[in-house]
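These notes concern the structure reproduced below.
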Amino acid sequence: MEKLLGEFSIGLFFWQTVLFLALLFLLRKFAWKPILNAVNEREEGIKNALDEAENARKEMQNLNADNERILKEARAQRDELLKEAREMKENIISEAKGEAQIQANKVVEQAQATIQAEKQAAITDLKNQVAELSVGIAEKVVRGELSDKNKQIKLVEEMLKEVTIS
Amino acid sequence: MQLILSNDYYLGNMQRKNLVKALTLLLLVFAFSAKAQHETTVEEHGDKDIKTTIKEYIQHHLQDSYDFSLTSYTNDNGEHVYIGAPLPVVLIDGGLQVFSSSKFHHGETVAEVGENYYKVYHGKIYKTDAAGTINLDDHHHPTNAKPLDFSITKNVAVIFLVGLLMFFLFRGLANSYAKNNGIATGSGRFFEPIILYIRDDIAIPNIGEEKYKKYMPYLLTVFFFIWIINMLGLTPIGVNVTNSISVTVALALITFLITNFTGTKDYWLHIFDPLGSSMPWIAKIPLYIILIPIEVLGIFIKPFSLLIRLYANIKAGHIVLMSLIGLMFIFKSWLGSPLSFGLAFAISLIELLVALLQAYIFTMLSALYFGFASETHEHAEEHKGEIEHL
Amino acid sequence: MEIPVMVGAGLVVIGVGIGIGKIGGSAMDAIARQPEAYGKIQTAMLIAAALIEGIGFAALFAV
């Protein structure tokens, strides 16, 4: 310890303290702060860049997922549209078919009705003509028959025979 | 050591004697601290034996000096020739005295400044008479007056140069960040991982995510300062800054001041009321009579161990290294010299590691102390939870 | 009375060496067992070693 104290030199101690403190303050101002700041900035830059890359990757993933989803949706929509179209087509066809059937039925009915009416008319006409003809014939027959008096009496008798009073 | 002993068998009698001498020298060098003060002060060149020369050389190497001499040799006329530059000497002795250290002629002569005479004795400046007499007391300590010495010594010059180097190095690094959009170029590629290591593995785990920022400049500065200066100490330039206690005291003092000035309420509470509300106050009193002094002592022991650790590690490393190199001149044999060279080489490699390790430990422990100082109660609770969890 | 003091210091250094060695060894064991707790173990190891080292230095410089 005595030797240590003997070795101690105030001058060297003084200069070391002064020079070291000066060095410390100069370096702090002109070297360490800029260096540490630069390193920090760079590290932060790298970190940010990495974060950004990560974000971009995530976004990309999202976009991809979106794309996929949209594509799926589009596909589904297309399928649906197609299905709808097919259904519509079938509907239209079936509707048309039904309509046509109905129309056809109607036409047939109408035709039948017309035919019926015509027939009726024809029958009525025929009846009328037959009646007229019958009346005419009957007239002629009656006229011929009733020209002879005997024959008239005979007929009346026959008639009376037929009509038996019960 | 084992290697030497196992080879011992093959050595001749003479060499074995030398080995024993060498090992003794090694021990002596380790213990020179106590011995040195009892050496005679007479420094006669020429008839000193080699061991004393080596010892003095090591001692000289470990000392600060008033001039920046890289090497010296003795020329044909028997004069010492030094290669290097003198540095200014600044003394406060009845006013400011500034003169060049060349006046001392490397401690060999008395410097005359105005009407005062100064002489360097064992690396320190003493006021003497015109003849340069140094009066010694019974313990061989000089009794001459010692002027307040604020000289720009070799260490101060090195500290200054390292400061300049660091300033331009890291200023350049900061500029290169600004220029290249926050990407380091050139030397930054080397320094940036270290800076990040200090931030991510020293500051943040020890201090905490929220508070580490204000301590970062100090931790970075102290780490690079100690590391660079330790590494410079391993170069042949022969500068040894961190093995002077004054430097480490200054460094540890700054850590100490930062620790205690940024100490939170919880930090002081931990020192003066370590048990908290775990027991009634009446029961705490007898415990606190012992506990509080220990805790208070701890405040001072922490930086003290910091400064001693750095100082002792670097100093011991230098002593071992130089002693091993010195062995080369003692052995002067075909076996001893390569052996000491190999050992010195291995120790040099270890010292490279130690240079970094000491910087790391100083920084790490500083960060740890800052962490203690800036911890808040919630933080402590968190730690407690972690421990219980483990 | 110089030698006994130095021997004492040497003994302290031996003790410190054993102590730090044990800490280091235990830390290695702990790291081997829980490699994920490396950082925490290292910190604890350094603190403990530093405290013991302090005693060693105290002994060395008390000589």
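Each chain in the structure tokens gets a letter, A, B, ..., in the order shown, and its residues are numbered from 1; ligands are numbered from 1 in order too.
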Query - Neighbours of chain C in chain B at 9 Å, counting only C-alpha atoms, as an MDAnalysis selection string - result: chainID B and resid 31 33:34 201 205:206 301:302 304:306 308:309 312 361 364:365 368
Query - Long-range neighbours of Ala48 of chain C as JSON, numbers by chain, 10 Å cut-off, only C-alpha atoms, 6 positions minimum in chain - result: {"C": [19, 20, 23, 24, 42, 54]}
Query raised in the report: Got a sec to pull out which chain A residues are within 8 Å of chain B, counting only C-alpha atoms, and send them as a VMD selection string?
Result: chain A and resid 3 to 4 7 to 17 19 to 20 23 to 24 26 to 28 30 to 35 38 to 39 41 to 42
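Of the listed residues (A:Ile115, A:Leu5, A:Ile46, A:Val107), A:Leu5 comes nearest to chain C; the distances count only C-alpha atoms.
We find atom CA of Ile350 of chain B and atom CA of Asn230 of chain B to be spaced 12.5 Å apart.
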